[in-house]
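The block underneath contains the structure these notes are about, expressed in structure tokens.
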Protein chains: 2
Amino acid sequence: MTGLSLATISKYYNGRNVLSSNREVIESAAAELNYRPNAFASSLRRGVTRTVGVLLPSFQVPFHLEIVIGIEKYLRSQGIGVLLTSNEQDGTPSSVNAVELLLSRRVDGIIGVPALADSSALETAVSIGIPVVTVDWCPSGLDADSVTLDNVQAGKVATQHLIDHGHRTLGALVGEEGMWSLQGRLDGFLAAARAAGITIAEDHIQRAPLNVDSGYAAMMRLLAADTRPTAVFAGNYDLTVGAVAALNDSGLRLGRDVSLVGFDSVELAQVTRPKLTVYVQPVEQIATEAARIMNARLDNPEGPRSRVVLELPGHLQIGASVRRLSD
Amino acid sequence: MTGLSLATISKYYNGRNVLSSNREVIESAAAELNYRPNAFASSLRRGVTRTVGVLLPSFQVPFHLEIVIGIEKYLRSQGIGVLLTSNEQDGTPSSVNAVELLLSRRVDGIIGVPALADSSALETAVSIGIPVVTVDWCPSGLDADSVTLDNVQAGKVATQHLIDHGHRTLGALVGEEGMWSLQGRLDGFLAAARAAGITIAEDHIQRAPLNVDSGYAAMMRLLAADTRPTAVFAGNYDLTVGAVAALNDSGLRLGRDVSLVGFDSVELAQVTRPKLTVYVQPVEQIATEAARIMNARLDNPEGPRSRVVLELPGHLQIGASVRRLSD
DNA sequence: CTGTTAGCGCCTTCAT
DNA sequence: ATGAAGGCGCTAACAG
């Protein structure tokens, strides 16, 4: 229709030089035909898809979803698409494995939020040779970059805040054995306590699956301990929700009878009474950094094979749920 | 390596009959070569990508993210990938338009959560001829299926709950003019009031942008009205958060001085004191239905061109934030 | 049940 | 600055 060769038109769409008269011919023809370059055919030819896969764990975590948004935003600005998958099983045995789906669609890289079991799936991706970046979890055995919160630091800061307010009988709500991020936060909690010369009773550390009900039950156990902690650190969003609910239901007053530092629950923090003090992850920054690292790997596939391990600091958002304990 | 022709191998991967001896040869060769069919090449040939685009509005709404998860879960079980995009602008002028990105990647269909401005973008998709399903918003001018909450019904149920508890001075927090879903909820609110013979004062309906701060300010205005409403309906998640915070800050007691029915904030509802009564959308169901409709359109492209407009009911989750008003 | 062939839409040499 | 030709990996149609 333009009378031009395909090659010229290809060049036009790839930003190479074309006579401005031809440019106009192409543009008007494209508009009339509703033409749009086919990214698939281009991928086939170039061997590159400009698409990265994002892998989410099976359970829903608001935090992860915010991360996905951040990743998408950054990558789209680079013209890179985001293929989203989760490892959620729907029971159907025919259900396609998430990583397999990404791989067969030839994503250029994968950003994964691995759950306990998923890192083996990511292993496949690594062995194929595409870049893998993990977020929120730094699997030890995996040759992948990672971007996470500085969990130990987070645990320390939150706990130090309690100690600074005079608390010495401290409790913690954390995840079950093997949850990498929660383990870090617990380590920070313990380190801060140790540094202050505080001993933590064994039943003042409650481990629970990361959901509201378990958090509720764990907090109840904490409140029923031989000596009740005067201050509690809840290590994640769900545990925080459960802890506040448990506190309310036991008739104890948040911030008066028991002080509490929660995690990640910015909106929650505003509706409790008094407002909750929470440790907040830098979600957007985590997402952007993960996307940036991925983009850099894609731009320079032969780049340094050394792992990038980024641990970012969050911050404490002060409410009124931590009471100063007069001695 | 197998000695077989490409055609046979292709058939194997497409589930057609192959001699079992050949099957084994293929499988072992594939394992050794780490072979995996290239979905792109297949798409190019077949003219179909088995990928649908999901378009999110620019602002973050937890509700939308849950929907995406639900959609992905359903579609993956059908072997369909989800390409996620948002209309978030990052300032970069080179930033690729979301719908353009989806279209150039030849998605088979688009599921969109349109914001006010986005429906023109979806128009392009419709004119291309690919199926479009909108969620949470039913644009009048667009030839697309839609799945939404039954917003009018939701407003009615929430309001009726207040009326049933003896309240007759009612207030509402809703979105600004033109927000389709919030308008429906307001209509339901007004209908329920009218049916009960209740007149709503003009300053008892506060419109605000859908974010926490605006909700806070709007609730403050409501509380400062000439005659303060004894009960308030908050029409969305952010407005609910803002409303509770405003109530707390004014020293009024939730459920004692002012009754409140919130929206969508299941977790929030558990941490307020007393627990919040909220109207809850059937998120998972909305997501699944949208995905199901899309899948049906893809399976049968020549299907009926009549629009499917699905309005699903939610339910009221009872807390203790609505007080019975003795006459 | 298996093989042959052509072509999906694009990009990249290489020539002009 | 433009054109001609080959091939990316796969599948549909047909023949055997």
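Going through the structure tokens in order, the chains are called A, B, and so on, while each chain numbers its residues from 1 and the ligands are numbered from 1 in the order shown.
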Distance cut-off 9 Å, counting only C-alpha atoms (C1' of nucleotides) - which residues of chain B neighbour chain D? Return them as a VMD selection string. chain B and resid 6 to 7 10 to 11 37 to 46
Contact check, chain B to chain A, at most 7 Å, counting only C-alpha atoms, closest pairs as a tab-separated table:
```
residue	atom	partner	partner_atom	distance
B:Arg36	CA	A:Ser104	CA	6.1
B:Pro37	CA	A:Ser104	CA	6.1
B:Asn38	CA	A:Ser104	CA	5.6
B:Ala39	CA	A:Arg105	CA	5.1
B:Phe40	CA	A:Phe40	CA	5.8
B:Ala41	CA	A:Leu44	CA	6.2
B:Leu44	CA	A:Ala41	CA	6.2
B:Pro62	CA	A:Pro62	CA	6.9
B:Leu65	CA	A:Leu65	CA	6.3
B:Glu72	CA	A:Thr85	CA	6.5
B:Lys73	CA	A:Glu88	CA	6.7
B:Arg76	CA	A:Val96	CA	6.4
B:Ser77	CA	A:Ser95	CA	4.6
B:Gly79	CA	A:Val96	CA	6.2
B:Gly81	CA	A:Leu83	CA	7.0
B:Val82	CA	A:Leu84	CA	5.6
B:Leu83	CA	A:Leu83	CA	4.4
B:Leu84	CA	A:Val82	CA	5.6
B:Thr85	CA	A:Glu72	CA	6.5
B:Glu88	CA	A:Lys73	CA	6.7
B:Ser95	CA	A:Ser77	CA	4.6
B:Val96	CA	A:Gly79	CA	6.2
B:Ser104	CA	A:Asn38	CA	5.6
B:Arg105	CA	A:Ala39	CA	5.1
B:Arg106	CA	A:Asn38	CA	6.9
B:Val241	CA	A:Val271	CA	6.4
B:Val244	CA	A:Val271	CA	5.7
B:Ala245	CA	A:Val271	CA	5.1
B:Asn248	CA	A:Arg273	CA	6.9
B:Leu268	CA	A:Leu268	CA	6.0
B:Gln270	CA	A:Ala245	CA	5.9
B:Val271	CA	A:Ala245	CA	5.1
B:Thr272	CA	A:Thr272	CA	5.3
B:Arg273	CA	A:Asn248	CA	6.9
```
Dump as a CSV table (one decimal), in the first residue's frame, selection limited to N, CA and C atoms:
```csv
chain,number,residue,atom,x,y,z
B,36,ARG,N,11.5,-27.0,25.2
B,36,ARG,CA,10.2,-26.5,25.6
B,36,ARG,C,9.6,-25.8,24.4
B,37,PRO,N,8.4,-26.1,24.1
B,37,PRO,CA,7.8,-25.5,22.9
B,37,PRO,C,7.8,-24.0,23.0
B,38,ASN,N,8.0,-23.3,22.0
B,38,ASN,CA,8.1,-21.8,22.0
B,38,ASN,C,6.7,-21.3,21.7
B,39,ALA,N,6.1,-20.8,22.7
B,39,ALA,CA,4.7,-20.3,22.6
B,39,ALA,C,4.6,-19.2,21.6
B,40,PHE,N,5.6,-18.4,21.4
B,40,PHE,CA,5.6,-17.3,20.5
B,40,PHE,C,5.4,-17.8,19.0
B,41,ALA,N,6.2,-18.7,18.7
B,41,ALA,CA,6.2,-19.2,17.3
B,41,ALA,C,4.8,-19.8,17.1
B,44,LEU,N,2.4,-17.1,16.6
B,44,LEU,CA,2.5,-16.5,15.2
B,44,LEU,C,1.8,-17.3,14.2
B,62,PRO,N,-6.7,-2.0,46.8
B,62,PRO,CA,-6.5,-3.4,47.2
B,62,PRO,C,-7.5,-4.3,46.5
B,65,LEU,N,-6.6,-5.5,43.1
B,65,LEU,CA,-5.5,-6.4,43.1
B,65,LEU,C,-6.0,-7.8,43.4
B,72,GLU,N,-6.2,-14.3,37.3
B,72,GLU,CA,-5.1,-15.1,36.9
B,72,GLU,C,-5.3,-16.6,37.3
B,73,LYS,N,-5.8,-16.8,38.5
B,73,LYS,CA,-6.0,-18.2,38.9
B,73,LYS,C,-6.9,-18.9,38.0
B,76,ARG,N,-5.2,-19.3,34.3
B,76,ARG,CA,-4.1,-20.2,34.3
B,76,ARG,C,-4.6,-21.6,34.2
B,77,SER,N,-5.7,-21.9,34.9
B,77,SER,CA,-6.2,-23.2,34.8
B,77,SER,C,-6.6,-23.6,33.4
B,79,GLY,N,-4.8,-22.5,30.9
B,79,GLY,CA,-3.6,-22.4,30.1
B,79,GLY,C,-3.4,-21.0,29.4
B,81,GLY,N,-2.4,-17.0,29.8
B,81,GLY,CA,-1.5,-16.2,30.5
B,81,GLY,C,-2.1,-14.8,30.8
B,82,VAL,N,-1.6,-14.1,31.8
B,82,VAL,CA,-2.2,-12.8,32.1
B,82,VAL,C,-1.1,-11.7,32.0
B,83,LEU,N,-1.3,-10.8,31.1
B,83,LEU,CA,-0.3,-9.7,30.9
B,83,LEU,C,-0.9,-8.5,31.7
B,84,LEU,N,-0.2,-8.1,32.7
B,84,LEU,CA,-0.7,-7.1,33.6
B,84,LEU,C,-0.2,-5.7,33.2
B,85,THR,N,-1.1,-4.7,33.1
B,85,THR,CA,-0.7,-3.4,32.9
B,85,THR,C,-1.5,-2.4,33.7
B,88,GLU,N,-1.0,3.8,35.2
B,88,GLU,CA,-0.2,4.7,36.0
B,88,GLU,C,0.8,5.4,35.1
B,95,SER,N,6.8,6.9,28.0
B,95,SER,CA,6.0,5.9,28.7
B,95,SER,C,5.0,5.3,27.7
B,96,VAL,N,5.0,4.0,27.6
B,96,VAL,CA,4.2,3.3,26.6
B,96,VAL,C,2.7,3.3,27.2
B,104,SER,N,-0.1,-4.4,21.0
B,104,SER,CA,1.0,-4.8,20.1
B,104,SER,C,1.5,-6.2,20.5
B,105,ARG,N,1.2,-6.6,21.7
B,105,ARG,CA,1.5,-8.0,22.1
B,105,ARG,C,0.4,-9.0,21.8
B,106,ARG,N,-0.6,-8.5,21.1
B,106,ARG,CA,-1.6,-9.3,20.5
B,106,ARG,C,-2.4,-10.1,21.5
B,241,VAL,N,-12.0,4.0,55.9
B,241,VAL,CA,-10.8,4.2,56.8
B,241,VAL,C,-10.8,5.7,57.3
B,244,VAL,N,-13.5,6.3,60.0
B,244,VAL,CA,-13.2,5.8,61.3
B,244,VAL,C,-12.2,6.7,62.0
B,245,ALA,N,-11.2,7.0,61.3
B,245,ALA,CA,-10.1,7.9,61.8
B,245,ALA,C,-10.7,9.2,62.3
B,248,ASN,N,-12.7,8.8,65.5
B,248,ASN,CA,-11.8,8.6,66.7
B,248,ASN,C,-11.2,10.0,67.1
B,268,LEU,N,-9.9,-4.4,58.4
B,268,LEU,CA,-10.1,-3.3,59.2
B,268,LEU,C,-11.2,-3.5,60.2
B,270,GLN,N,-12.0,-5.9,61.8
B,270,GLN,CA,-11.7,-6.7,63.0
B,270,GLN,C,-10.9,-5.9,64.0
B,271,VAL,N,-10.3,-4.8,63.6
B,271,VAL,CA,-9.4,-4.2,64.6
B,271,VAL,C,-10.0,-2.9,65.2
B,272,THR,N,-11.1,-2.5,64.7
B,272,THR,CA,-11.7,-1.3,65.3
B,272,THR,C,-12.4,-1.8,66.6
B,273,ARG,N,-12.7,-0.8,67.4
B,273,ARG,CA,-13.4,-1.2,68.6
B,273,ARG,C,-14.5,-0.3,68.8
```
Name the residues in contact with Phe189 (chain B) at a cut-off of 12 Å, using only C-alpha atoms (C1' of nucleotides), excluding same-chain residues fewer than 6 positions from it; report them as a VMD selection string. chain B and resid 151 to 163 170 to 174 182 to 183 195 to 196 198 to 200 204 to 205 232 to 235 261
Keeping only C-alpha atoms, write the selected residues as a JSON list (two decimals), in the first residue's frame.
```json
[["chain", "number", "residue", "atom", "x", "y", "z"],
["B", 151, "ASN", "CA", -24.12, -1.40, 43.74],
["B", 152, "VAL", "CA", -27.68, -0.18, 44.15],
["B", 153, "GLN", "CA", -28.56, -3.27, 46.09],
["B", 154, "ALA", "CA", -25.44, -2.83, 48.24],
["B", 155, "GLY", "CA", -26.40, 0.73, 49.11],
["B", 156, "LYS", "CA", -29.91, -0.37, 49.93],
["B", 157, "VAL", "CA", -28.90, -3.23, 52.19],
["B", 158, "ALA", "CA", -26.37, -1.18, 54.11],
["B", 159, "THR", "CA", -28.83, 1.65, 54.59],
["B", 160, "GLN", "CA", -31.73, -0.59, 55.47],
["B", 161, "HIS", "CA", -29.56, -2.04, 58.22],
["B", 162, "LEU", "CA", -29.23, 1.43, 59.71],
["B", 163, "ILE", "CA", -32.94, 2.11, 59.35],
["B", 170, "LEU", "CA", -28.63, 9.36, 57.97],
["B", 171, "GLY", "CA", -25.42, 10.50, 56.33],
["B", 172, "ALA", "CA", -23.46, 9.12, 53.40],
["B", 173, "LEU", "CA", -19.88, 9.37, 52.21],
["B", 174, "VAL", "CA", -19.60, 8.81, 48.48],
["B", 182, "LEU", "CA", -20.32, 5.01, 43.98],
["B", 183, "GLN", "CA", -23.28, 6.61, 42.23],
["B", 195, "ALA", "CA", -38.88, 3.89, 50.99],
["B", 196, "ALA", "CA", -38.73, 4.44, 54.73],
["B", 198, "ILE", "CA", -36.83, 9.52, 55.48],
["B", 199, "THR", "CA", -35.62, 12.81, 54.06],
["B", 200, "ILE", "CA", -31.90, 13.28, 53.66],
["B", 204, "HIS", "CA", -25.63, 14.85, 54.89],
["B", 205, "ILE", "CA", -24.38, 13.59, 51.58],
["B", 232, "VAL", "CA", -23.38, 7.00, 58.42],
["B", 233, "PHE", "CA", -22.83, 4.86, 55.35],
["B", 234, "ALA", "CA", -19.30, 4.96, 53.92],
["B", 235, "GLY", "CA", -19.37, 3.93, 50.28],
["B", 261, "VAL", "CA", -21.55, 0.86, 58.04]]
```
Once DSSP has gone over the backbone, tell me which residues of region 60-258 of chain A are in helix (DSSP H, G or I), as a short mmCIF file (atom, residue, chain, number, x, y, z; two decimals) with N, CA and C atoms, in the first residue's frame.
```
data_model
loop_
_atom_site.label_atom_id
_atom_site.label_comp_id
_atom_site.auth_asym_id
_atom_site.auth_seq_id
_atom_site.Cartn_x
_atom_site.Cartn_y
_atom_site.Cartn_z
N PRO A 62 -1.28 -8.51 50.63
CA PRO A 62 -1.45 -7.19 50.01
C PRO A 62 -0.11 -6.58 49.63
N PHE A 63 0.86 -6.79 50.50
CA PHE A 63 2.20 -6.27 50.28
C PHE A 63 2.76 -6.71 48.92
N HIS A 64 2.57 -7.98 48.59
CA HIS A 64 3.09 -8.48 47.32
C HIS A 64 2.42 -7.82 46.13
N LEU A 65 1.14 -7.57 46.29
CA LEU A 65 0.41 -6.99 45.17
C LEU A 65 0.89 -5.57 44.91
N GLU A 66 1.17 -4.84 45.97
CA GLU A 66 1.70 -3.50 45.78
C GLU A 66 3.03 -3.57 45.05
N ILE A 67 3.80 -4.58 45.37
CA ILE A 67 5.09 -4.75 44.71
C ILE A 67 4.90 -4.98 43.22
N VAL A 68 3.93 -5.79 42.88
CA VAL A 68 3.68 -6.06 41.46
C VAL A 68 3.38 -4.76 40.73
N ILE A 69 2.54 -3.95 41.32
CA ILE A 69 2.19 -2.67 40.70
C ILE A 69 3.44 -1.83 40.46
N GLY A 70 4.29 -1.79 41.47
CA GLY A 70 5.51 -1.01 41.34
C GLY A 70 6.41 -1.54 40.23
N ILE A 71 6.52 -2.84 40.16
CA ILE A 71 7.34 -3.46 39.13
C ILE A 71 6.79 -3.14 37.74
N GLU A 72 5.50 -3.29 37.62
CA GLU A 72 4.87 -3.06 36.32
C GLU A 72 5.09 -1.62 35.88
N LYS A 73 4.92 -0.73 36.82
CA LYS A 73 5.09 0.68 36.50
C LYS A 73 6.48 0.97 35.94
N TYR A 74 7.48 0.46 36.62
CA TYR A 74 8.85 0.71 36.16
C TYR A 74 9.11 0.06 34.81
N LEU A 75 8.73 -1.20 34.70
CA LEU A 75 9.08 -1.93 33.48
C LEU A 75 8.32 -1.41 32.26
N ARG A 76 7.10 -0.97 32.48
CA ARG A 76 6.35 -0.44 31.34
C ARG A 76 7.04 0.80 30.79
N SER A 77 7.63 1.57 31.70
CA SER A 77 8.32 2.77 31.22
C SER A 77 9.52 2.37 30.35
N ALA A 98 3.12 -22.62 37.08
CA ALA A 98 3.32 -21.20 36.81
C ALA A 98 4.64 -20.93 36.09
N VAL A 99 5.71 -21.48 36.60
CA VAL A 99 7.00 -21.20 35.99
C VAL A 99 7.07 -21.78 34.58
N GLU A 100 6.49 -22.94 34.41
CA GLU A 100 6.46 -23.53 33.06
C GLU A 100 5.75 -22.60 32.09
N LEU A 101 4.65 -22.04 32.56
CA LEU A 101 3.91 -21.12 31.70
C LEU A 101 4.79 -19.94 31.30
N LEU A 102 5.50 -19.41 32.27
CA LEU A 102 6.38 -18.27 31.96
C LEU A 102 7.47 -18.68 30.99
N LEU A 103 8.04 -19.86 31.22
CA LEU A 103 9.16 -20.30 30.40
C LEU A 103 8.73 -20.59 28.97
N SER A 104 7.57 -21.21 28.82
CA SER A 104 7.14 -21.53 27.47
C SER A 104 6.78 -20.25 26.72
N LEU A 116 7.92 -20.72 50.54
CA LEU A 116 8.82 -21.79 50.96
C LEU A 116 9.12 -22.77 49.83
N ALA A 117 8.07 -23.22 49.17
CA ALA A 117 8.23 -24.33 48.24
C ALA A 117 8.65 -23.91 46.85
N ASP A 118 8.54 -22.62 46.55
CA ASP A 118 8.67 -22.21 45.15
C ASP A 118 10.09 -22.14 44.64
N SER A 119 11.05 -22.16 45.53
CA SER A 119 12.38 -21.83 45.03
C SER A 119 12.88 -22.94 44.10
N SER A 120 12.33 -24.13 44.23
CA SER A 120 12.75 -25.18 43.31
C SER A 120 12.27 -24.86 41.90
N ALA A 121 11.09 -24.27 41.81
CA ALA A 121 10.58 -23.89 40.50
C ALA A 121 11.48 -22.83 39.87
N LEU A 122 11.90 -21.89 40.69
CA LEU A 122 12.77 -20.83 40.17
C LEU A 122 14.11 -21.41 39.73
N GLU A 123 14.51 -22.46 40.42
CA GLU A 123 15.75 -23.15 40.05
C GLU A 123 15.75 -23.48 38.55
N THR A 124 14.64 -23.99 38.08
CA THR A 124 14.51 -24.31 36.65
C THR A 124 14.84 -23.10 35.80
N ALA A 125 14.26 -21.98 36.18
CA ALA A 125 14.48 -20.76 35.42
C ALA A 125 15.96 -20.38 35.42
N VAL A 126 16.57 -20.48 36.57
CA VAL A 126 17.99 -20.13 36.66
C VAL A 126 18.81 -21.05 35.76
N SER A 127 18.46 -22.32 35.76
CA SER A 127 19.25 -23.27 34.98
C SER A 127 19.08 -23.04 33.48
N ILE A 128 17.96 -22.48 33.09
CA ILE A 128 17.76 -22.11 31.69
C ILE A 128 18.71 -20.99 31.31
N ASN A 151 15.48 -7.10 57.26
CA ASN A 151 14.58 -7.62 58.28
C ASN A 151 15.17 -7.56 59.69
N VAL A 152 16.46 -7.84 59.78
CA VAL A 152 17.07 -7.82 61.10
C VAL A 152 17.00 -6.40 61.68
N GLN A 153 17.36 -5.47 60.85
CA GLN A 153 17.29 -4.07 61.23
C GLN A 153 15.86 -3.69 61.65
N ALA A 154 14.89 -4.14 60.90
CA ALA A 154 13.50 -3.84 61.20
C ALA A 154 13.13 -4.35 62.59
N GLY A 155 13.50 -5.59 62.85
CA GLY A 155 13.20 -6.18 64.15
C GLY A 155 13.88 -5.40 65.27
N LYS A 156 15.11 -4.97 64.99
CA LYS A 156 15.85 -4.22 66.01
C LYS A 156 15.18 -2.90 66.31
N VAL A 157 14.88 -2.15 65.26
CA VAL A 157 14.31 -0.81 65.43
C VAL A 157 12.99 -0.88 66.19
N ALA A 158 12.12 -1.81 65.76
CA ALA A 158 10.83 -1.93 66.42
C ALA A 158 11.01 -2.26 67.89
N THR A 159 11.92 -3.17 68.16
CA THR A 159 12.12 -3.62 69.54
C THR A 159 12.78 -2.53 70.38
N GLN A 160 13.74 -1.86 69.77
CA GLN A 160 14.42 -0.78 70.49
C GLN A 160 13.42 0.29 70.91
N HIS A 161 12.44 0.52 70.06
CA HIS A 161 11.40 1.50 70.37
C HIS A 161 10.67 1.10 71.66
N LEU A 162 10.39 -0.16 71.78
CA LEU A 162 9.72 -0.64 73.00
C LEU A 162 10.65 -0.48 74.20
N ILE A 163 11.90 -0.86 74.01
CA ILE A 163 12.86 -0.77 75.11
C ILE A 163 13.04 0.68 75.54
N ASP A 164 13.12 1.56 74.56
CA ASP A 164 13.30 2.98 74.86
C ASP A 164 12.14 3.53 75.69
N TRP A 180 11.92 -17.16 56.06
CA TRP A 180 13.16 -16.40 56.05
C TRP A 180 13.00 -14.98 56.60
N SER A 181 12.04 -14.26 56.08
CA SER A 181 11.91 -12.85 56.48
C SER A 181 11.55 -12.71 57.95
N LEU A 182 10.63 -13.54 58.40
CA LEU A 182 10.21 -13.46 59.80
C LEU A 182 11.35 -13.87 60.73
N GLN A 183 12.17 -14.80 60.26
CA GLN A 183 13.31 -15.22 61.08
C GLN A 183 14.24 -14.03 61.28
N GLY A 184 14.45 -13.26 60.23
CA GLY A 184 15.30 -12.09 60.34
C GLY A 184 14.75 -11.09 61.35
N ARG A 185 13.45 -10.89 61.27
CA ARG A 185 12.84 -9.92 62.20
C ARG A 185 12.97 -10.40 63.63
N LEU A 186 12.83 -11.71 63.82
CA LEU A 186 12.98 -12.27 65.16
C LEU A 186 14.43 -12.11 65.63
N ASP A 187 15.36 -12.36 64.73
CA ASP A 187 16.76 -12.20 65.09
C ASP A 187 17.02 -10.77 65.57
N GLY A 188 16.44 -9.81 64.85
CA GLY A 188 16.60 -8.42 65.24
C GLY A 188 15.99 -8.15 66.61
N PHE A 189 14.83 -8.72 66.81
CA PHE A 189 14.16 -8.59 68.10
C PHE A 189 15.05 -9.09 69.22
N LEU A 190 15.60 -10.30 69.03
CA LEU A 190 16.43 -10.91 70.06
C LEU A 190 17.72 -10.13 70.27
N ALA A 191 18.29 -9.65 69.16
CA ALA A 191 19.53 -8.90 69.27
C ALA A 191 19.34 -7.63 70.08
N ALA A 192 18.23 -6.93 69.82
CA ALA A 192 17.97 -5.69 70.55
C ALA A 192 17.77 -5.98 72.03
N ALA A 193 17.05 -7.06 72.29
CA ALA A 193 16.82 -7.42 73.69
C ALA A 193 18.14 -7.75 74.38
N ARG A 194 18.93 -8.55 73.72
CA ARG A 194 20.20 -8.97 74.29
C ARG A 194 21.08 -7.76 74.57
N ALA A 195 21.12 -6.85 73.61
CA ALA A 195 21.95 -5.66 73.77
C ALA A 195 21.52 -4.83 74.96
N GLU A 202 10.75 -18.06 77.18
CA GLU A 202 10.52 -18.91 76.01
C GLU A 202 9.09 -18.76 75.48
N ASP A 203 8.14 -18.69 76.40
CA ASP A 203 6.75 -18.61 75.94
C ASP A 203 6.36 -17.18 75.57
N HIS A 204 7.32 -16.31 75.50
CA HIS A 204 7.04 -14.95 75.03
C HIS A 204 7.37 -14.78 73.55
N VAL A 212 -4.54 -14.20 59.91
CA VAL A 212 -5.14 -13.44 61.01
C VAL A 212 -5.55 -14.34 62.18
N ASP A 213 -6.19 -15.44 61.88
CA ASP A 213 -6.66 -16.30 62.96
C ASP A 213 -5.52 -16.84 63.81
N SER A 214 -4.46 -17.25 63.14
CA SER A 214 -3.31 -17.76 63.89
C SER A 214 -2.69 -16.65 64.73
N GLY A 215 -2.65 -15.46 64.16
CA GLY A 215 -2.11 -14.34 64.90
C GLY A 215 -2.94 -14.06 66.15
N TYR A 216 -4.23 -14.16 65.98
CA TYR A 216 -5.16 -13.96 67.09
C TYR A 216 -4.87 -14.97 68.20
N ALA A 217 -4.80 -16.24 67.80
CA ALA A 217 -4.55 -17.30 68.78
C ALA A 217 -3.20 -17.11 69.46
N ALA A 218 -2.20 -16.76 68.67
CA ALA A 218 -0.86 -16.60 69.23
C ALA A 218 -0.84 -15.46 70.24
N MET A 219 -1.53 -14.37 69.91
CA MET A 219 -1.57 -13.24 70.83
C MET A 219 -2.29 -13.64 72.11
N MET A 220 -3.33 -14.42 71.97
CA MET A 220 -4.04 -14.90 73.15
C MET A 220 -3.12 -15.71 74.05
N ARG A 221 -2.29 -16.55 73.44
CA ARG A 221 -1.35 -17.34 74.23
C ARG A 221 -0.37 -16.42 74.95
N LEU A 222 0.04 -15.37 74.24
CA LEU A 222 0.99 -14.42 74.82
C LEU A 222 0.36 -13.74 76.04
N LEU A 223 -0.90 -13.37 75.89
CA LEU A 223 -1.58 -12.65 76.97
C LEU A 223 -1.85 -13.56 78.15
N TYR A 237 1.91 -8.35 58.78
CA TYR A 237 0.61 -7.71 58.69
C TYR A 237 -0.51 -8.54 59.32
N ASP A 238 -0.62 -9.78 58.92
CA ASP A 238 -1.70 -10.61 59.43
C ASP A 238 -1.60 -10.81 60.94
N LEU A 239 -0.39 -11.03 61.39
CA LEU A 239 -0.20 -11.21 62.82
C LEU A 239 -0.62 -9.94 63.56
N THR A 240 -0.36 -8.80 62.97
CA THR A 240 -0.74 -7.54 63.58
C THR A 240 -2.26 -7.43 63.71
N VAL A 241 -2.95 -7.75 62.63
CA VAL A 241 -4.41 -7.70 62.67
C VAL A 241 -4.93 -8.62 63.77
N GLY A 242 -4.42 -9.84 63.77
CA GLY A 242 -4.85 -10.80 64.78
C GLY A 242 -4.55 -10.32 66.19
N ALA A 243 -3.38 -9.71 66.36
CA ALA A 243 -2.97 -9.27 67.69
C ALA A 243 -3.90 -8.19 68.21
N VAL A 244 -4.23 -7.23 67.36
CA VAL A 244 -5.10 -6.15 67.80
C VAL A 244 -6.49 -6.69 68.16
N ALA A 245 -6.98 -7.59 67.30
CA ALA A 245 -8.30 -8.17 67.57
C ALA A 245 -8.30 -8.93 68.89
N ALA A 246 -7.24 -9.68 69.13
CA ALA A 246 -7.15 -10.46 70.37
C ALA A 246 -7.12 -9.54 71.58
N LEU A 247 -6.36 -8.48 71.45
CA LEU A 247 -6.24 -7.52 72.54
C LEU A 247 -7.61 -6.93 72.86
N ASN A 248 -8.30 -6.50 71.83
CA ASN A 248 -9.63 -5.92 72.03
C ASN A 248 -10.57 -6.92 72.69
N ASP A 249 -10.53 -8.16 72.18
CA ASP A 249 -11.47 -9.15 72.70
C ASP A 249 -11.17 -9.54 74.15
#
```
Give the residues of chain C that lie within 12 Å of chain A; count only C-alpha atoms (C1' of nucleotides), and format the answer as a compact mmCIF listing (two decimals) with C-alpha atoms (C1' of nucleotides), in the first residue's frame.
```
# COMPACT_ATOMS: atom_id res chain seq x y z
C1' DC C 8 2.59 -16.76 9.95
C1' DG C 9 5.17 -11.19 10.48
C1' DC C 10 9.21 -9.56 11.34
C1' DC C 11 14.34 -8.29 11.29
C1' DT C 12 18.97 -8.57 9.54
C1' DT C 13 22.50 -8.94 6.45
```
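With distances restricted to only C-alpha atoms, B:Gly175 is the closest residue to Asn211 (chain B) from B:Leu252, B:Gly262, B:Trp137, B:Gly175.
Counting only C-alpha atoms (C1' of nucleotides), Ala231 (chain A) has the following residues at most 6 Å away, ignoring those fewer than 3 positions along the same chain: Leu170, Val258, Ser259 and Leu260 of chain A.
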Just asking: which residues within region 77-159 of chain A are strand (DSSP E or B) according to DSSP, as a PyMOL selection string? chain A and resi 81-86+109-112+132-135+145-149
Do you have the CA of Ser21 (chain A)-C1' of DC14 (chain C) distance handy?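 That distance, rounded to one decimal, is 25.1 Å.
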For CA of Ala224 (chain A) and CA of Ala201 (chain A), the interatomic separation in Å (one decimal):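 Taking CA of Ala224 (chain A) and CA of Ala201 (chain A), their separation equals 13.2 Å.
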One decimal place gives the CA of Arg207 (chain A)-CA of Leu55 (chain A) separation as 26.4 Å
